[in-house]
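Chemist: Here it is: the structure, laid out below.
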Amino acid sequence: MILPVDAMNAKTLLKRLLHSGLPVPTVIQSVIRSCYRLGVTVTEFFRWLYGFVIVAPVLRSIAKVGEQLRIERIPYIRGPGRVVIGDRVYLSGKINIGFSSKDAEVPELQIGNDTFIGHGCCFNVTRRVSIGSQVLLAGGVRIQDSDGHPLDAEKRHVGCPVAPQDVASVNIEDGAWIGQQCIILKGVTIGRNSVVGAGSVVTKDIPPDTLVAGVPARVIRGLG
């Protein structure tokens with residue numbers, strides 16, 4: 001189908017209108033910038049106020065929390081367990097904590113001083129997950145100290161829990177940096193000041209001052 005010339009011109013004009021933006025005169029650009037910055041400041045203030053008045057008191061009622069906590073949203077905590085948080089910890093966005101103890105020991109998540117936990121981090125704790133001081137956990141990091149289900153298919157089908165010998169604590173030492181979307185599996189110790197590249201799956205211990213990356217994570221180089 002061939003459009004008349006007038007129709008083609010109208011269609012071209014309509015496309016230009018749809019893809020064009022409103023002109024912003026130079027004289028009001030500074031006003032718009034100021035309004036935008038004011039809006040960001042107001043939003044951040046009310047976010048802080050919500051955390052200070054509502055979120056932090058709720059968390060302190062269900063966990064042992066140190067001084068100068070910074071928190072944005074109430075964590076989702078499932079199952080009975082113990083959460084111990086040090087001083088000056090920053091919990092950014094929403095985090096998830098799942099406890100699933102299969103023995104007499106109370107499962108525990110411990111977070112050291114001056115540590116940052118990014119949005120979307122998830123902790124599945126059957127025995128113990130320990131995160132040291134000055135640790136950085138980027139968004140979406142997942143840490144678990146068990147496989148979650150038995151490896152034997154028949155046991156999974158009948159709903160058997162993970163055997164105690166298949167649970168092993170996770171320890172992230174001081175100063176480590178875990179990149180986005182990493183998965184830290186059971187029994188792993190990540191050494192002091194080590195760095196785990198984004199998207200890595202850590203299945204074995206990492207020495208101190210070491211850069212690792214990959215699936216599974218492998219040593220890239222030393223950081224000393």
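By convention in this document, the chains of the structure tokens carry letters A, B, ... by their order, each chain's residues are numbered from 1, and ligands are numbered from 1 in the order they are shown.
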Please run DSSP on the backbone and report, as a count of residues only, all residues within region 29-77 of chain A that come out as helix (DSSP H, G or I).
Modeler: 34
Chemist: Go through A:Val83, A:Ile111, A:Val162, A:Ala198 one by one, measure the shortest atom-to-atom distance of each to Ala138 (chain A) using only C-alpha atoms, and give the residue with the smallest value.
Modeler: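 Closest candidate: A:Ala198.
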Chemist: Quick one: residues within 6 Å of region 112-128 of chain A, only C-alpha atoms, excluding same-chain residues fewer than 5 positions away - as number ranges by chain?
Modeler: A: 86-101, 107, 133-145, 169
Chemist: Keeping N, CA, C and O atoms for every residue in the selection just given, could you write it to a file as a CSV table (one decimal), in the first residue's frame?
Modeler:
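Final file, part.csv:
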```
chain,number,residue,atom,x,y,z
A,86,GLY,N,26.4,-6.1,64.6
A,86,GLY,CA,27.3,-5.2,65.3
A,86,GLY,C,27.0,-3.8,65.2
A,86,GLY,O,25.9,-3.4,64.8
A,87,ASP,N,28.0,-2.9,65.4
A,87,ASP,CA,27.8,-1.5,65.4
A,87,ASP,C,28.0,-1.0,64.0
A,87,ASP,O,28.8,-1.5,63.2
A,88,ARG,N,27.3,0.1,63.7
A,88,ARG,CA,27.4,0.9,62.4
A,88,ARG,C,27.2,0.0,61.2
A,88,ARG,O,27.9,0.2,60.1
A,89,VAL,N,26.3,-1.0,61.3
A,89,VAL,CA,26.0,-1.8,60.1
A,89,VAL,C,24.9,-1.1,59.3
A,89,VAL,O,24.0,-0.4,59.8
A,90,TYR,N,25.1,-1.3,58.0
A,90,TYR,CA,24.1,-0.7,57.0
A,90,TYR,C,23.4,-1.8,56.3
A,90,TYR,O,24.0,-2.6,55.5
A,91,LEU,N,22.1,-1.9,56.5
A,91,LEU,CA,21.3,-2.9,55.8
A,91,LEU,C,20.5,-2.1,54.7
A,91,LEU,O,19.6,-1.4,55.0
A,92,SER,N,20.9,-2.3,53.5
A,92,SER,CA,20.3,-1.5,52.4
A,92,SER,C,19.2,-2.3,51.7
A,92,SER,O,19.4,-3.5,51.3
A,93,GLY,N,18.0,-1.7,51.6
A,93,GLY,CA,16.9,-2.3,50.9
A,93,GLY,C,16.4,-3.5,51.7
A,93,GLY,O,16.5,-3.5,52.9
A,94,LYS,N,15.8,-4.5,51.0
A,94,LYS,CA,15.2,-5.6,51.7
A,94,LYS,C,16.1,-6.8,51.7
A,94,LYS,O,16.7,-7.2,50.6
A,95,ILE,N,16.3,-7.5,52.8
A,95,ILE,CA,17.1,-8.7,52.9
A,95,ILE,C,16.2,-9.8,53.4
A,95,ILE,O,15.2,-9.6,54.1
A,96,ASN,N,16.6,-11.1,53.1
A,96,ASN,CA,15.8,-12.2,53.5
A,96,ASN,C,16.7,-13.2,54.4
A,96,ASN,O,17.8,-13.4,54.0
A,97,ILE,N,16.1,-13.6,55.5
A,97,ILE,CA,16.8,-14.5,56.4
A,97,ILE,C,15.9,-15.7,56.6
A,97,ILE,O,14.8,-15.6,57.2
A,98,GLY,N,16.4,-16.9,56.3
A,98,GLY,CA,15.6,-18.1,56.5
A,98,GLY,C,16.4,-19.0,57.5
A,98,GLY,O,17.5,-19.4,57.2
A,99,PHE,N,15.8,-19.4,58.6
A,99,PHE,CA,16.4,-20.3,59.6
A,99,PHE,C,15.6,-21.7,59.4
A,99,PHE,O,14.4,-21.7,59.3
A,100,SER,N,16.4,-22.7,59.5
A,100,SER,CA,15.8,-24.1,59.3
A,100,SER,C,16.6,-25.1,60.1
A,100,SER,O,17.3,-26.0,59.6
A,101,SER,N,16.6,-24.9,61.5
A,101,SER,CA,17.4,-25.8,62.3
A,101,SER,C,16.9,-27.2,62.3
A,101,SER,O,15.7,-27.4,62.4
A,107,PRO,N,20.1,-21.9,65.2
A,107,PRO,CA,20.9,-21.3,64.0
A,107,PRO,C,21.1,-19.8,64.3
A,107,PRO,O,20.3,-19.2,64.9
A,133,SER,N,33.7,-8.0,60.2
A,133,SER,CA,33.6,-6.5,60.2
A,133,SER,C,34.2,-5.9,58.9
A,133,SER,O,35.0,-6.5,58.3
A,134,GLN,N,33.6,-4.8,58.5
A,134,GLN,CA,34.0,-4.0,57.3
A,134,GLN,C,33.9,-4.9,56.1
A,134,GLN,O,34.7,-4.8,55.1
A,135,VAL,N,32.9,-5.8,56.1
A,135,VAL,CA,32.6,-6.6,54.9
A,135,VAL,C,31.6,-5.9,54.0
A,135,VAL,O,30.7,-5.2,54.5
A,136,LEU,N,31.8,-6.0,52.7
A,136,LEU,CA,30.8,-5.5,51.7
A,136,LEU,C,30.1,-6.6,51.0
A,136,LEU,O,30.8,-7.4,50.3
A,137,LEU,N,28.8,-6.7,51.1
A,137,LEU,CA,28.0,-7.7,50.4
A,137,LEU,C,27.2,-6.9,49.4
A,137,LEU,O,26.2,-6.2,49.8
A,138,ALA,N,27.5,-7.0,48.1
A,138,ALA,CA,26.7,-6.3,47.1
A,138,ALA,C,25.3,-6.9,47.0
A,138,ALA,O,25.0,-8.0,47.6
A,139,GLY,N,24.5,-6.3,46.2
A,139,GLY,CA,23.1,-6.7,46.0
A,139,GLY,C,23.0,-8.1,45.5
A,139,GLY,O,23.7,-8.6,44.6
A,140,GLY,N,22.0,-8.9,46.0
A,140,GLY,CA,21.6,-10.2,45.5
A,140,GLY,C,22.5,-11.3,45.9
A,140,GLY,O,22.4,-12.4,45.3
A,141,VAL,N,23.4,-11.1,46.9
A,141,VAL,CA,24.3,-12.2,47.3
A,141,VAL,C,23.5,-13.2,48.1
A,141,VAL,O,22.6,-12.9,48.9
A,142,ARG,N,23.8,-14.5,47.9
A,142,ARG,CA,23.1,-15.6,48.5
A,142,ARG,C,24.1,-16.4,49.3
A,142,ARG,O,25.1,-16.9,48.7
A,143,ILE,N,23.8,-16.7,50.6
A,143,ILE,CA,24.7,-17.4,51.4
A,143,ILE,C,23.9,-18.5,52.1
A,143,ILE,O,22.9,-18.3,52.7
A,144,GLN,N,24.4,-19.8,52.1
A,144,GLN,CA,23.7,-20.9,52.7
A,144,GLN,C,24.7,-21.9,53.3
A,144,GLN,O,25.7,-22.1,52.7
A,145,ASP,N,24.4,-22.4,54.4
A,145,ASP,CA,25.3,-23.4,55.1
A,145,ASP,C,24.8,-24.8,55.0
A,145,ASP,O,25.3,-25.7,55.7
A,169,SER,N,29.1,-24.6,58.6
A,169,SER,CA,29.0,-23.2,58.8
A,169,SER,C,29.8,-22.4,57.7
A,169,SER,O,30.8,-22.9,57.1
```
Chemist: Please run DSSP on the backbone and report, as a PyMOL selection string, all residues within chain A that come out as strand (DSSP E or B).
Modeler: chain A and resi 64-65+70-71+76-78+82-85+90-91+96-99+108-111+116-117+122-125+128-131+136-137+142-144+146+167+170-172+177-178+183-184+189-190+195-196+201-202+206+210-213+218-222
Chemist: If you count only C-alpha atoms, which residues fall within 7 Å of Ile190 (chain A), apart from same-chain ones fewer than 2 positions away, as a PyMOL selection string?
Modeler: chain A and resi 171-173+188+192+194+205-207
Chemist: Restricting the calculation to only C-alpha atoms, which member of A:Ile32, A:Val42, A:Val170, A:Val106 is positioned closest to Ile131 (chain A)?
Modeler: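 Of A:Ile32, A:Val42, A:Val170, A:Val106, the one nearest Ile131 (chain A), counting only C-alpha atoms, is A:Val170.
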Chemist: May I ask for the distance between CA of Val201 (chain A) and CA of Cys182 (chain A), given in Å to one decimal place?
Modeler: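 Answer for the CA of Val201 (chain A) to CA of Cys182 (chain A) separation: 5.8 Å.
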Chemist: Given only C-alpha atoms as the basis, pick out the residue of A:Ala163, A:Ile28, A:Val195, A:Val129 nearest to Arg221 (chain A).
Modeler: A:Val195
Chemist: Can you work out which one of A:Ala153, A:Ile62, A:Ala168, A:Leu223 has the shortest atom-to-atom distance to Asn193 (chain A), counting only C-alpha atoms?
Modeler: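 Of all the options, A:Leu223 lies closest to Asn193 (chain A).
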Chemist: One decimal, Å: what's the distance from CA of Val24 (chain A) over to CA of Phe45 (chain A), could you say?
Modeler: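 These two atoms are separated by 28.5 Å.
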Chemist: Taking only C-alpha atoms into account, which of A:Val196, A:Val202, A:Gln110, A:Gly175 comes nearest Ile220 (chain A)?
Modeler: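 For Ile220 (chain A), the nearest of the given residues is A:Val196.
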